Structures are given as structure tokens and as C-alpha cells.
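> As input, take data.cif (mmCIF, C-alpha atoms):
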```cif
data_query
loop_
_atom_site.label_atom_id
_atom_site.label_comp_id
_atom_site.auth_asym_id
_atom_site.auth_seq_id
_atom_site.Cartn_x
_atom_site.Cartn_y
_atom_site.Cartn_z
CA MET A 233 9.59 0.34 32.69
CA ILE A 234 8.03 3.82 32.58
CA VAL A 235 11.47 5.45 32.45
CA SER A 236 12.55 3.24 29.54
CA GLY A 237 9.34 4.08 27.69
CA ILE A 238 9.98 7.81 28.18
CA ILE A 239 13.55 7.41 26.90
CA LEU A 240 12.31 5.64 23.74
CA ILE A 241 9.71 8.36 23.13
CA VAL A 242 12.39 11.03 23.51
CA LEU A 243 14.60 9.15 21.01
CA ALA A 244 11.72 9.07 18.55
CA LEU A 245 11.07 12.80 18.96
CA LEU A 246 14.77 13.49 18.40
CA GLY A 247 14.56 11.70 15.06
CA ALA A 248 16.23 8.39 15.90
CA PRO A 249 15.66 5.76 13.17
CA LEU A 250 12.67 3.53 13.84
CA PHE A 251 14.69 0.31 13.73
CA VAL A 252 16.99 1.70 16.45
CA ILE A 253 14.04 2.42 18.72
CA ILE A 254 12.49 -1.01 18.16
CA ALA A 255 15.82 -2.79 18.69
CA ALA A 256 16.51 -0.76 21.83
CA SER A 257 13.12 -1.67 23.28
CA ALA A 258 13.72 -5.37 22.59
CA MET A 259 17.20 -5.31 24.10
CA TRP A 260 15.99 -3.48 27.17
CA GLY A 261 13.14 -5.95 27.57
CA PHE A 262 15.40 -9.00 27.30
CA TYR A 263 17.86 -7.39 29.70
CA ARG A 264 15.13 -6.86 32.30
CA GLN A 265 14.11 -10.51 31.93
CA ASP A 266 17.73 -11.56 32.44
CA VAL A 267 17.89 -13.06 28.95
CA SER A 268 21.22 -12.96 27.10
CA LEU A 269 21.33 -10.12 24.57
CA THR A 270 22.92 -12.53 22.09
CA SER A 271 19.38 -13.75 21.46
CA VAL A 272 18.51 -10.43 19.81
CA PRO A 273 20.60 -10.91 16.63
CA VAL A 274 19.34 -14.50 16.48
CA GLU A 275 15.78 -13.18 16.44
CA VAL A 276 16.67 -10.51 13.87
CA PHE A 277 18.20 -12.96 11.42
CA SER A 278 15.32 -15.39 11.88
CA ILE A 279 13.61 -13.54 9.02
CA ALA A 280 15.90 -15.58 6.75
CA GLU A 281 13.66 -18.54 7.58
CA THR A 282 10.75 -16.83 5.79
CA PRO A 283 11.09 -17.71 2.08
CA ILE A 284 8.11 -15.56 1.09
CA LEU A 285 10.22 -12.47 1.83
CA LEU A 286 11.91 -13.06 -1.53
CA ALA A 287 8.78 -11.68 -3.15
CA ILE A 288 9.26 -8.23 -1.61
CA PRO A 289 12.51 -7.17 -3.35
CA LEU A 290 11.52 -8.83 -6.63
CA PHE A 291 8.11 -7.17 -6.94
CA THR A 292 9.61 -3.85 -5.80
CA LEU A 293 12.37 -4.02 -8.42
CA ALA A 294 9.82 -4.78 -11.14
CA GLY A 295 7.71 -1.79 -10.10
CA TYR A 296 10.67 0.59 -10.08
CA ILE A 297 11.78 -0.54 -13.55
CA LEU A 298 8.26 0.00 -14.87
CA SER A 299 8.25 3.52 -13.41
CA GLU A 300 11.50 4.33 -15.24
CA SER A 301 10.16 3.14 -18.59
CA GLU A 302 7.40 4.62 -20.73
CA ALA A 303 4.93 2.04 -19.41
CA PRO A 304 2.98 4.68 -17.40
CA GLY A 305 2.26 6.62 -20.59
CA ARG A 306 1.13 3.48 -22.43
CA LEU A 307 -1.10 2.53 -19.50
CA VAL A 308 -2.76 5.95 -19.51
CA ARG A 309 -3.27 5.81 -23.27
CA PHE A 310 -4.91 2.37 -23.04
CA THR A 311 -7.29 3.34 -20.23
CA GLN A 312 -8.06 6.59 -22.05
CA ALA A 313 -8.94 4.67 -25.20
CA LEU A 314 -11.33 2.51 -23.19
CA MET A 315 -12.88 5.23 -21.02
CA GLY A 316 -12.14 8.53 -22.75
CA TRP A 317 -15.47 8.49 -24.61
CA VAL A 318 -17.40 8.64 -21.30
CA PRO A 319 -18.36 12.25 -20.44
CA GLY A 320 -15.83 13.35 -17.85
CA GLY A 321 -14.15 9.96 -18.16
CA LEU A 322 -10.57 11.16 -17.68
CA PRO A 323 -10.83 11.03 -13.84
CA ILE A 324 -11.84 7.37 -14.16
CA VAL A 325 -8.81 6.85 -16.38
CA ALA A 326 -6.63 8.42 -13.70
CA LEU A 327 -8.07 6.22 -10.94
CA ALA A 328 -7.67 2.99 -12.91
CA ALA A 329 -4.14 3.79 -14.08
CA CYS A 330 -2.96 4.79 -10.60
CA ALA A 331 -4.49 1.70 -8.98
CA PHE A 332 -2.78 -0.60 -11.48
CA PHE A 333 0.56 1.13 -11.10
CA THR A 334 0.51 1.33 -7.29
CA ALA A 335 -0.32 -2.36 -7.03
CA PHE A 336 2.97 -3.19 -8.74
CA THR A 337 5.21 -0.51 -7.28
CA GLY A 338 3.84 -0.87 -3.74
CA ALA A 339 4.62 2.81 -3.20
CA SER A 340 1.98 5.48 -3.79
CA GLY A 341 4.60 8.23 -3.92
CA VAL A 342 6.20 6.59 -6.95
CA THR A 343 2.79 6.59 -8.65
CA ILE A 344 2.29 10.32 -8.08
CA ILE A 345 5.73 11.07 -9.48
CA ALA A 346 5.50 8.67 -12.44
CA LEU A 347 1.88 9.28 -13.51
CA GLY A 348 1.36 12.78 -12.16
CA ALA A 349 3.37 14.33 -14.98
CA ILE A 350 0.95 12.73 -17.45
CA LEU A 351 -2.40 12.90 -15.66
CA TYR A 352 -2.27 16.33 -14.04
CA PRO A 353 -1.71 18.29 -17.30
CA ALA A 354 -4.25 16.08 -19.10
CA LEU A 355 -6.90 16.87 -16.47
CA GLN A 356 -6.13 20.58 -16.83
CA GLN A 357 -6.43 20.43 -20.62
CA ALA A 358 -9.75 18.60 -20.29
CA GLY A 359 -11.09 21.60 -18.35
CA HIS A 360 -11.33 20.14 -14.86
CA ASP A 361 -10.94 22.47 -11.89
CA ASP A 362 -7.37 22.70 -10.62
CA LYS A 363 -8.39 21.94 -7.03
CA PHE A 364 -10.17 18.79 -8.21
CA ASN A 365 -7.15 17.74 -10.31
CA LEU A 366 -4.75 18.13 -7.40
CA GLY A 367 -7.00 16.21 -5.01
CA LEU A 368 -7.64 13.43 -7.52
CA VAL A 369 -4.02 12.74 -8.45
CA THR A 370 -2.89 12.94 -4.82
CA SER A 371 -5.64 10.59 -3.63
CA ALA A 372 -5.39 8.15 -6.51
CA GLY A 373 -1.74 7.59 -5.69
CA SER A 374 -2.72 5.49 -2.66
CA LEU A 375 -5.16 3.28 -4.57
CA GLY A 376 -4.00 -0.17 -5.50
CA LEU A 377 -2.55 -1.14 -2.10
CA LEU A 378 -5.34 -3.71 -1.70
CA PHE A 379 -4.68 -5.31 -5.09
CA ALA A 380 -2.16 -8.04 -5.86
CA PRO A 381 0.82 -7.99 -5.76
CA SER A 382 0.80 -5.07 -3.33
CA LEU A 383 3.85 -4.94 -1.07
CA PRO A 384 1.85 -4.08 2.11
CA ILE A 385 -0.34 -7.15 1.56
CA ILE A 386 2.71 -9.39 1.34
CA LEU A 387 4.25 -7.80 4.42
CA TYR A 388 1.05 -8.22 6.44
CA GLY A 389 0.88 -11.88 5.41
CA VAL A 390 4.45 -12.44 6.61
CA VAL A 391 3.93 -10.69 9.95
CA ALA A 392 0.51 -12.19 10.65
CA GLY A 393 1.31 -15.66 9.34
CA VAL A 394 -1.66 -15.50 6.95
CA SER A 395 -1.84 -17.00 3.46
CA ILE A 396 -0.78 -14.33 0.99
CA ASP A 397 -2.71 -16.09 -1.78
CA GLN A 398 -5.91 -15.65 0.25
CA LEU A 399 -5.01 -12.05 1.11
CA PHE A 400 -4.74 -11.27 -2.61
CA LEU A 401 -8.30 -12.57 -3.02
CA ALA A 402 -9.51 -10.82 0.12
CA GLY A 403 -8.37 -7.40 -1.10
CA ALA A 404 -10.03 -7.58 -4.52
CA VAL A 405 -13.60 -6.61 -3.59
CA PRO A 406 -12.71 -3.96 -0.94
CA GLY A 407 -10.16 -2.43 -3.32
CA THR A 408 -12.76 -2.31 -6.09
CA LEU A 409 -15.24 -0.75 -3.66
CA MET A 410 -12.85 2.12 -2.97
CA LEU A 411 -12.33 2.62 -6.70
CA VAL A 412 -16.09 2.62 -7.35
CA PHE A 413 -16.74 5.13 -4.56
CA LEU A 414 -14.12 7.53 -5.87
CA GLY A 415 -15.23 6.95 -9.46
CA ALA A 416 -18.86 7.72 -8.59
CA TYR A 417 -17.79 10.86 -6.74
CA CYS A 418 -15.72 12.02 -9.71
CA MET A 419 -18.52 11.44 -12.20
CA TRP A 420 -21.04 13.22 -9.98
CA THR A 421 -18.93 16.27 -9.20
CA GLN A 422 -17.73 16.53 -12.82
CA ARG A 423 -21.16 15.88 -14.33
CA ASP A 424 -21.08 19.26 -16.07
CA MET A 425 -18.08 18.08 -18.07
CA ARG A 426 -20.37 16.71 -20.76
CA LYS A 427 -17.78 16.84 -23.50
CA PRO A 428 -15.99 13.47 -23.73
CA LEU A 429 -12.21 13.47 -23.75
CA SER A 430 -12.35 11.65 -27.08
CA SER A 431 -14.85 9.70 -29.15
CA PHE A 432 -14.78 5.94 -28.93
CA SER A 433 -12.56 4.43 -31.59
CA GLY A 434 -12.08 0.73 -31.98
CA LYS A 435 -8.98 1.49 -34.01
CA GLU A 436 -7.49 3.54 -31.13
CA VAL A 437 -8.34 0.81 -28.61
CA LEU A 438 -6.60 -1.82 -30.73
CA SER A 439 -3.63 0.47 -31.29
CA ALA A 440 -3.29 1.21 -27.56
CA LEU A 441 -3.75 -2.48 -26.81
CA ARG A 442 -0.95 -3.41 -29.21
CA GLU A 443 1.28 -0.72 -27.71
CA SER A 444 0.67 -2.03 -24.15
CA ALA A 445 0.56 -5.69 -25.14
CA LEU A 446 3.74 -6.53 -23.24
CA GLU A 447 2.74 -4.86 -19.92
CA LEU A 448 -0.98 -5.67 -19.67
CA PRO A 449 -0.45 -9.43 -19.18
CA LEU A 450 1.45 -8.82 -15.91
CA PRO A 451 -1.56 -9.16 -13.55
CA PHE A 452 -2.61 -12.35 -15.34
CA ILE A 453 0.91 -13.75 -15.09
CA VAL A 454 1.01 -13.07 -11.35
CA LEU A 455 -2.51 -14.09 -10.38
CA GLY A 456 -2.89 -16.81 -12.99
CA GLY A 457 0.37 -18.43 -11.95
CA ILE A 458 -0.49 -18.30 -8.24
CA TYR A 459 -4.10 -19.49 -8.38
CA SER A 460 -3.43 -22.15 -10.99
CA GLY A 461 -1.03 -23.68 -8.49
CA LYS A 462 1.88 -23.50 -10.92
CA LEU A 463 3.69 -20.68 -9.08
CA ALA A 464 4.20 -19.82 -5.43
CA VAL A 465 4.09 -16.10 -4.56
CA SER A 466 7.91 -15.89 -4.52
CA ASP A 467 8.04 -17.73 -7.86
CA ALA A 468 5.53 -15.29 -9.35
CA ALA A 469 7.65 -12.40 -8.09
CA ALA A 470 10.76 -13.83 -9.75
CA VAL A 471 8.92 -14.38 -13.03
CA THR A 472 7.55 -10.82 -12.88
CA ALA A 473 10.98 -9.28 -12.26
CA VAL A 474 12.62 -11.25 -15.09
CA TYR A 475 9.72 -10.52 -17.43
CA VAL A 476 9.86 -6.76 -16.76
CA ILE A 477 13.64 -6.64 -17.22
CA VAL A 478 13.45 -8.54 -20.51
CA VAL A 479 10.60 -6.36 -21.83
CA GLU A 480 11.76 -2.90 -20.73
CA VAL A 481 15.54 -3.37 -21.04
CA PHE A 482 16.07 -5.80 -23.90
CA ILE A 483 12.91 -5.64 -26.03
CA ARG A 484 11.64 -2.06 -25.71
CA ARG A 485 15.06 -0.70 -24.65
CA GLU A 486 13.42 2.17 -22.77
CA VAL A 487 15.53 1.44 -19.71
CA LYS A 488 19.22 1.27 -20.47
CA PHE A 489 21.22 -1.60 -19.07
CA SER A 490 23.55 0.95 -17.49
CA GLN A 491 20.58 2.34 -15.50
CA LEU A 492 19.87 -0.97 -13.78
CA PRO A 493 22.45 -0.57 -10.98
CA ASP A 494 20.93 2.78 -9.97
CA ILE A 495 17.38 1.40 -10.17
CA VAL A 496 18.36 -1.64 -8.11
CA ARG A 497 20.06 0.57 -5.54
CA GLU A 498 17.07 2.89 -5.21
CA SER A 499 14.51 0.09 -4.95
CA MET A 500 16.60 -1.94 -2.52
CA MET A 501 16.94 1.08 -0.22
CA LEU A 502 13.19 0.81 0.32
CA VAL A 503 13.35 -2.97 0.70
CA GLY A 504 16.35 -2.81 3.01
CA GLY A 505 14.59 -0.39 5.32
CA ILE A 506 11.52 -2.62 5.46
CA LEU A 507 13.51 -5.79 6.14
CA LEU A 508 15.61 -4.11 8.82
CA ILE A 509 12.50 -2.91 10.64
CA LEU A 510 10.90 -6.33 10.18
CA GLY A 511 13.95 -8.12 11.61
CA VAL A 512 14.18 -6.06 14.79
CA SER A 513 10.39 -6.22 15.17
CA PHE A 514 10.64 -10.04 15.32
CA ALA A 515 12.88 -9.65 18.37
CA SER A 516 10.56 -7.04 19.87
CA THR A 517 7.50 -9.21 19.26
CA ASN A 518 9.06 -12.23 20.97
CA TYR A 519 9.95 -10.08 23.97
CA MET A 520 6.37 -8.79 24.20
CA ILE A 521 5.02 -12.34 24.01
CA ASP A 522 7.39 -13.51 26.74
CA ALA A 523 6.40 -10.52 28.88
CA GLY A 524 2.70 -11.30 28.45
CA ILE A 525 1.92 -7.91 26.90
CA PRO A 526 -0.80 -9.27 24.52
CA GLU A 527 -2.60 -10.81 27.52
CA LYS A 528 -2.39 -7.52 29.42
CA LEU A 529 -3.72 -5.64 26.42
CA PHE A 530 -6.60 -8.08 26.13
CA GLU A 531 -7.46 -7.67 29.82
CA PHE A 532 -7.52 -3.91 29.34
CA THR A 533 -9.54 -4.21 26.14
CA GLU A 534 -12.01 -6.65 27.68
CA SER A 535 -12.73 -4.24 30.53
CA HIS A 536 -13.52 -1.39 28.09
CA VAL A 537 -14.93 -3.19 25.04
CA SER A 538 -18.24 -4.99 25.20
CA GLY A 539 -18.24 -6.85 21.90
CA ARG A 540 -16.97 -7.32 18.37
CA PHE A 541 -18.65 -4.20 16.93
CA THR A 542 -17.20 -1.96 19.63
CA PHE A 543 -13.78 -3.57 19.20
CA LEU A 544 -13.79 -2.88 15.46
CA LEU A 545 -14.94 0.69 16.03
CA TYR A 546 -12.18 1.43 18.54
CA LEU A 547 -9.62 -0.34 16.39
CA LEU A 548 -10.62 1.70 13.34
CA LEU A 549 -10.27 4.96 15.26
CA PHE A 550 -6.87 3.83 16.54
CA LEU A 551 -5.68 2.93 13.04
CA LEU A 552 -6.83 6.24 11.60
CA ILE A 553 -4.79 8.09 14.21
CA LEU A 554 -1.85 5.72 13.72
CA GLY A 555 -1.94 6.21 9.95
CA ALA A 556 -1.60 9.96 10.40
CA ILE A 557 1.70 9.65 12.26
CA LEU A 558 3.31 6.39 11.06
CA ASP A 559 3.97 4.93 7.62
CA ILE A 560 2.13 1.78 6.61
CA PHE A 561 5.17 -0.54 6.65
CA SER A 562 6.24 0.44 10.17
CA ALA A 563 2.66 0.17 11.39
CA ILE A 564 2.34 -3.37 10.06
CA VAL A 565 5.43 -4.72 11.81
CA LEU A 566 4.81 -2.82 15.04
CA VAL A 567 1.06 -3.09 15.58
CA VAL A 568 -0.17 -6.26 13.85
CA PRO A 569 1.56 -8.67 16.29
CA LEU A 570 -0.20 -6.89 19.17
CA ILE A 571 -3.73 -6.64 17.78
CA LEU A 572 -3.87 -10.02 16.02
CA PRO A 573 -4.33 -12.20 19.15
CA ILE A 574 -6.88 -9.73 20.57
CA ALA A 575 -8.82 -9.70 17.28
CA LYS A 576 -8.98 -13.51 17.29
CA LEU A 577 -10.56 -13.46 20.74
CA TYR A 578 -13.28 -11.20 19.33
CA ASP A 579 -13.74 -13.64 16.44
CA VAL A 580 -12.34 -11.25 13.81
CA ASP A 581 -11.01 -13.20 10.85
CA PRO A 582 -7.28 -12.48 10.23
CA LEU A 583 -8.02 -11.89 6.53
CA HIS A 584 -10.71 -9.35 7.35
CA LEU A 585 -8.43 -7.76 9.94
CA GLY A 586 -5.64 -7.45 7.37
CA ILE A 587 -7.78 -5.79 4.70
CA MET A 588 -9.38 -3.48 7.25
CA PHE A 589 -5.94 -2.61 8.62
CA LEU A 590 -4.48 -1.83 5.19
CA ALA A 591 -7.56 0.10 4.05
CA ALA A 592 -7.48 2.28 7.17
CA MET A 593 -3.73 2.81 6.93
CA GLN A 594 -4.16 3.71 3.27
CA LEU A 595 -6.00 6.81 4.46
CA GLY A 596 -2.85 7.73 6.37
CA TYR A 597 -1.22 8.71 3.08
CA LEU A 598 -3.79 11.52 2.85
CA THR A 599 -4.20 12.44 6.52
CA PRO A 600 -2.52 15.52 7.99
CA PRO A 601 -0.11 16.23 9.54
CA VAL A 602 2.35 13.74 8.01
CA GLY A 603 0.45 12.08 5.15
CA LEU A 604 3.21 11.12 2.73
CA ASN A 605 1.20 11.72 -0.45
CA LEU A 606 0.37 15.25 0.68
CA PHE A 607 4.02 16.25 0.85
CA ILE A 608 4.97 14.42 -2.36
CA ALA A 609 2.14 16.13 -4.26
CA SER A 610 3.07 19.50 -2.76
CA TYR A 611 6.64 19.05 -3.99
CA ARG A 612 5.75 17.44 -7.33
CA PHE A 613 3.18 20.08 -8.39
CA ASN A 614 4.77 23.01 -6.55
CA LYS A 615 1.65 23.71 -4.48
CA PRO A 616 1.44 24.97 -0.86
CA ILE A 617 0.82 22.11 1.54
CA MET A 618 -2.36 23.75 2.88
CA GLN A 619 -3.72 23.87 -0.66
CA VAL A 620 -3.05 20.15 -1.01
CA TYR A 621 -4.83 19.52 2.32
CA ALA A 622 -7.92 21.37 1.10
CA ALA A 623 -7.92 19.64 -2.30
CA THR A 624 -7.72 16.10 -0.89
CA TRP A 625 -10.25 16.56 1.93
CA PRO A 626 -13.38 15.49 -0.09
CA PHE A 627 -11.57 12.44 -1.44
CA LEU A 628 -10.46 11.52 2.08
CA LEU A 629 -14.08 11.58 3.27
CA ILE A 630 -15.20 9.36 0.38
CA LEU A 631 -12.46 6.84 1.12
CA PHE A 632 -13.36 6.95 4.82
CA ALA A 633 -16.93 5.96 3.96
CA ALA A 634 -15.58 3.00 1.99
CA VAL A 635 -13.33 2.00 4.91
CA LEU A 636 -16.34 2.03 7.26
CA ILE A 637 -18.13 -0.44 5.00
CA ILE A 638 -15.03 -2.62 4.68
CA THR A 639 -14.67 -2.65 8.47
CA PHE A 640 -18.23 -3.57 9.39
CA VAL A 641 -19.09 -5.83 6.43
CA PRO A 642 -16.47 -8.59 6.72
CA ALA A 643 -18.14 -10.59 3.95
CA LEU A 644 -16.49 -8.24 1.46
CA SER A 645 -13.09 -9.59 2.52
CA ILE A 646 -13.90 -13.25 3.22
CA TRP A 647 -16.50 -13.92 0.53
CA PHE A 648 -14.50 -16.84 -0.87
CA LYS A 649 -14.20 -18.80 2.39
#
```
Re-express the file's structure as C-alpha cells.


Amino acid sequence: MIVSGIILIVLALLGAPLFVIIAASAMWGFYRQDVSLTSVPVEVFSIAETPILLAIPLFTLAGYILSESEAPGRLVRFTQALMGWVPGGLPIVALAACAFFTAFTGASGVTIIALGAILYPALQQAGHDDKFNLGLVTSAGSLGLLFAPSLPIILYGVVAGVSIDQLFLAGAVPGTLMLVFLGAYCMWTQRDMRKPLSSFSGKEVLSALRESALELPLPFIVLGGIYSGKLAVSDAAAVTAVYVIVVEVFIRREVKFSQLPDIVRESMMLVGGILLILGVSFASTNYMIDAGIPEKLFEFTESHVSGRFTFLLYLLLFLLILGAILDIFSAIVLVVPLILPIAKLYDVDPLHLGIMFLAAMQLGYLTPPVGLNLFIASYRFNKPIMQVYAATWPFLLILFAAVLIITFVPALSIWFK
């Protein structure tokens, strides 16, 4: 067992794909239990029995099409018209726009690339310090992962067997808390920026509203359809994808029909990677259950953890470390099946666990050494990676404070129950 574990670690260090490592561990485990290896592909393809997975490629496609259109610019203009009159209000505009966009794309890196070209120069022209601008745009790219229809929320619901409708509700208040914390920090640190970006103009608000009139209804279509009971999550995803294609390709014509194959290919590369990891993780999870690994983990945890508070504290520390070395999608499929049964024994609600998990992993996008947003921002804005580290550090601390509250105040996540 120890030898096999060492071999898998070596494979990981050598750069072997994650799905290969997970599949190898499952196959080795079944082999040791004298179970036919033909059961592995059966477990992998069992994901086909999960209809909600249809929502993942559909929402992802919609987000990628939006990023290729001029929707990001319209979104920034609308939020600027609403908030630009507030002294130093442009950072708030940036936070709101990034949160909205990330919720639909499910990928913070896409947000930095799509909105960074608009927001970063605008912040510079407004007179904000370059270090602040770099930290803000890099950090804001990860916001929105707790808002519907975020891809990580859907994936957690699938893996944990939790209602995705309820997860969408559970993430609303914690996600807003993170936005408020960052917004308050921005307004405080930029309080000397007394000159508003622009004066309030009802005419400009109406003009920006008319310009964005076809994109702004998207959240209401998704959430309204789901909570009215008229649409399941997968139905809402299908409606969203069709709506975005009709609007951006046929009505606005900002995305050419000939571009669709490339957009589909790029978005489905992300989806394919997630589904492949998810499939092999199903096999790995079943092996671990058969081998009694969750029970062994609980026995170990019980001997070192005295209660719920201590469990949450240790779990949070573990997730912060995990987020620094593993992407959020891999972490969900690998770790959630292990910690979920232990969390239940400590009376941690699965909804609260999910929001805490995602909020903590969200920090991983900004945590050295392998925070994805750090490298994307370094490449996008042509800045040394150490400069990006220094710029995002204050924002990381603010978000960490919000995560602490989300972790130890479960009512924020389960207020509706």
C-alpha cells in the first residue's frame, strides 16, 4: 500500500495527468481487493446516470460565448453608470462586473482576460495606484464562484449528492459578504480618490440599460426559472445556452457563426477535463468506500479532534493548503467524498460544508505558489510574478477574513432552511 502510494506521488511529480493518477489508484485498489478491473470502466461511465451533468457544458458554453462578444464592455458600462458617481466607485464597478461574469463563465481566468483589458486601463486613467489596480483585477477574477450558476457549485452538488437549487441559495449571502468586504476595503484605501469617475446621469443609466438589455435578464432567467419550479437546473442551462447563442450570434452578430466551432472546442476542452476526472473519481471513491477509508479517517480524526469547532478549524487549514496546490475542480472530486461523511458525524450541514469548501478553495486562485489567477494576471498584464504576489496580498487577507466568518457562522449558508 505504501509502495503504491509512493509510486502515485512520483507520477504526480513527473507531471502525469491527474485523471491517470486517480484511475491508477482505483485500479490498484480493486486489484488488491481481487475485484475484476472491468468494474472500473463501469464506474467511470456511471456518470452518464447523472442528468444534472448536462448543465455543466451548457453553462460553460454560454459563458465562453459571452466572453467572445462585447458583453463584458456593456456590463462594465452599465455598472459604471450606476456606481461611477460614487467617489472612487470604479473599484466597486470592477468587483460587481467580475463577480457577474465569473458566475456565468465558471472560470476566473477567463474573467481576468475578458474584463482585464477594460478595467485595468480604466483604473489607471482614474488615477488609482498601479499596485492596487493589479491586485484588484487579479482578486476580483475569483469572485462570483459562490453565485448561481457557478460551475464549481454544480460540480459540488453532483459529487456530494446535494440539491443544486439549495446550493445556489446557500452561496448568495456568503458570496455577497466577500463582495462587501472587498468593496469596503477598496473604498477605505481609495478614500482620497474624492473625484467621482463620472457624475450621475439618469440618461446614461437608461442608455447603458438599453444597451445591456439583452444580457442583464440572464440571472433572472436562470434563477427565476429554477425557483419558480418551471425549469430544472439542466433545463435552465439549456435555455441559457440557446438564449446566449441567439442574442450574440444572430441578433447582435458580435460572434460570427463561423467562430462557434472554435468556441465550442475551447469550452468543451475544459468540460471534458472535468468530466474525465469526475468519472475516474467515481471509481476511486467506490474503492475507498469498499476499503473502509472514510471510517479510518474518522477514527483518526476523532482521536485528534474534540468537537465541531476544532474540526472546522482543521478542515479550513487543510483546504487553504490544498487550494494552493490543486485546482478547485480536482479538489472537489478528490476531497469532497472523503470529508463529507466525516463532516456529517460532526453535524456539519452539507450545504454549509459546500459553501465553506468553495469559499476556501476560491482563495487558492490567489495563493502562492500555484494560484492560477496570479500566473494569468502576470501573463495578461506583463508583470513579474513576485509583483503580482505583493499586489494581491492585502486582498487575500480580506477574503480570508470573510472565509473565517463563512466557516464559523453556518447561518449565513443555511439561513433559508

> For Pro406 of chain A, which residue among A:His584, A:Leu566, A:Ala392, A:Ile608 is the nearest when counting all atoms listed in the file?

A:His584

> When distances are computed from only C-alpha atoms, which of A:Gly367, A:Gly389, A:Gly348, A:Gly505 shows the smallest separation from Leu414 of chain A?

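Of the candidates, the smallest distance to Leu414 of chain A is held by A:Gly367.
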
> Applying 12 Å and all atoms listed in the file, which residues near Tyr611 of chain A remain after dropping the ones on its own chain fewer than 2 positions away? List them as number ranges by chain.

A: 341, 344-345, 348, 366, 370, 604-609, 613-617, 619-620

> For those residues, write C-alpha atoms to a file as an mmCIF file, keeping the file's coordinate frame.


```
data_model
loop_
_atom_site.group_PDB
_atom_site.id
_atom_site.type_symbol
_atom_site.label_atom_id
_atom_site.label_comp_id
_atom_site.auth_asym_id
_atom_site.auth_seq_id
_atom_site.Cartn_x
_atom_site.Cartn_y
_atom_site.Cartn_z
ATOM 1 C CA GLY A 341 4.600 8.230 -3.920
ATOM 2 C CA ILE A 344 2.290 10.320 -8.080
ATOM 3 C CA ILE A 345 5.730 11.070 -9.480
ATOM 4 C CA GLY A 348 1.360 12.780 -12.160
ATOM 5 C CA LEU A 366 -4.750 18.130 -7.400
ATOM 6 C CA THR A 370 -2.890 12.940 -4.820
ATOM 7 C CA LEU A 604 3.210 11.120 2.730
ATOM 8 C CA ASN A 605 1.200 11.720 -0.450
ATOM 9 C CA LEU A 606 0.370 15.250 0.680
ATOM 10 C CA PHE A 607 4.020 16.250 0.850
ATOM 11 C CA ILE A 608 4.970 14.420 -2.360
ATOM 12 C CA ALA A 609 2.140 16.130 -4.260
ATOM 13 C CA PHE A 613 3.180 20.080 -8.390
ATOM 14 C CA ASN A 614 4.770 23.010 -6.550
ATOM 15 C CA LYS A 615 1.650 23.710 -4.480
ATOM 16 C CA PRO A 616 1.440 24.970 -0.860
ATOM 17 C CA ILE A 617 0.820 22.110 1.540
ATOM 18 C CA GLN A 619 -3.720 23.870 -0.660
ATOM 19 C CA VAL A 620 -3.050 20.150 -1.010
#
```

> Pick from A:Val394, A:Met259, A:Leu628, A:Glu300: nearest to Lys488 of chain A, with only C-alpha atoms counted?

A:Glu300

> Dump as an NGL selection string all residues having an atom at most 10 Å from (1.5, -1.6, 10.0), computed in the file's coordinates with all atoms listed in the file.

:A and (384 or 387-388 or 391 or 551 or 554-555 or 558-569 or 586 or 589-590 or 593)

> For Pro323 of chain A, find every residue with an atom within 8 Å (counting all atoms listed in the file), except residues of its own chain fewer than 4 positions away, and show them as a compact mmCIF listing (two decimals) with C-alpha atoms, in the coordinates of the input.


```txt
# COMPACT_ATOMS: atom_id res chain seq x y z
CA LEU A 327 -8.07 6.22 -10.94
CA LEU A 355 -6.90 16.87 -16.47
CA LEU A 368 -7.64 13.43 -7.52
CA GLY A 415 -15.23 6.95 -9.46
CA CYS A 418 -15.72 12.02 -9.71
CA MET A 419 -18.52 11.44 -12.20
```

> Name the residues captured by the PyMOL selection byres ((chain A and resi 401) around 12) when it is applied to the shown file; answer as a count of residues only.

32

> Calculate how many Å separate atom CA of Ile637 of chain A from atom CA of Leu544 of chain A, rounding to one decimal.

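Interatomic distance, atom CA of Ile637 of chain A to atom CA of Leu544 of chain A: 11.6 Å.
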
> One number please: atom CA of Tyr621 of chain A to atom CA of Ser371 of chain A, in Å, one decimal.

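The value is 10.8 Å.
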
> Record the distance separating atom CA of Met410 of chain A and atom CA of Ala328 of chain A, expressed in Å with one decimal.

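Calculated distance between atom CA of Met410 of chain A and atom CA of Ala328 of chain A is 11.2 Å.
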
> From the options A:Ile386, A:Ile571, A:Tyr352, A:Asp581, which residue's atoms come nearest to Phe550 of chain A, counting only C-alpha atoms?

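Smallest separation from Phe550 of chain A among the options: A:Ile571.
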
> Ranking A:Phe336, A:Tyr546, A:Phe627, A:Phe640 by minimum distance to Ala469 of chain A and counting only C-alpha atoms, which one comes first?

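Under the stated criterion, the closest residue is A:Phe336.
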
> Please define a box with edges along x, y and z of the file around all atoms of segment 397-411 of chain A given in the file, extend it by 6 Å on each side, and return its centre and edge lengths in Å to one decimal, as lines of an AutoDock Vina configuration file.


```
center_x = -9.0
center_y = -6.7
center_z = -2.8
size_x = 24.5
size_y = 30.7
size_z = 19.8
```

> Check what the PyMOL selection byres ((chain A and resi 496) around 10) selects in the file above and give those residues as a list in words.

Pro289, Thr292, Leu293, Ala294, Tyr296, Ile297, Gln491, Leu492, Pro493, Asp494, Ile495, Arg497, Glu498, Ser499, Met500 and Met501 of chain A

> Here is a test: counting only C-alpha atoms, which residue of A:Ala335, A:Leu347, A:Leu631, A:Leu307 is nearest to Gly376 of chain A?

A:Ala335
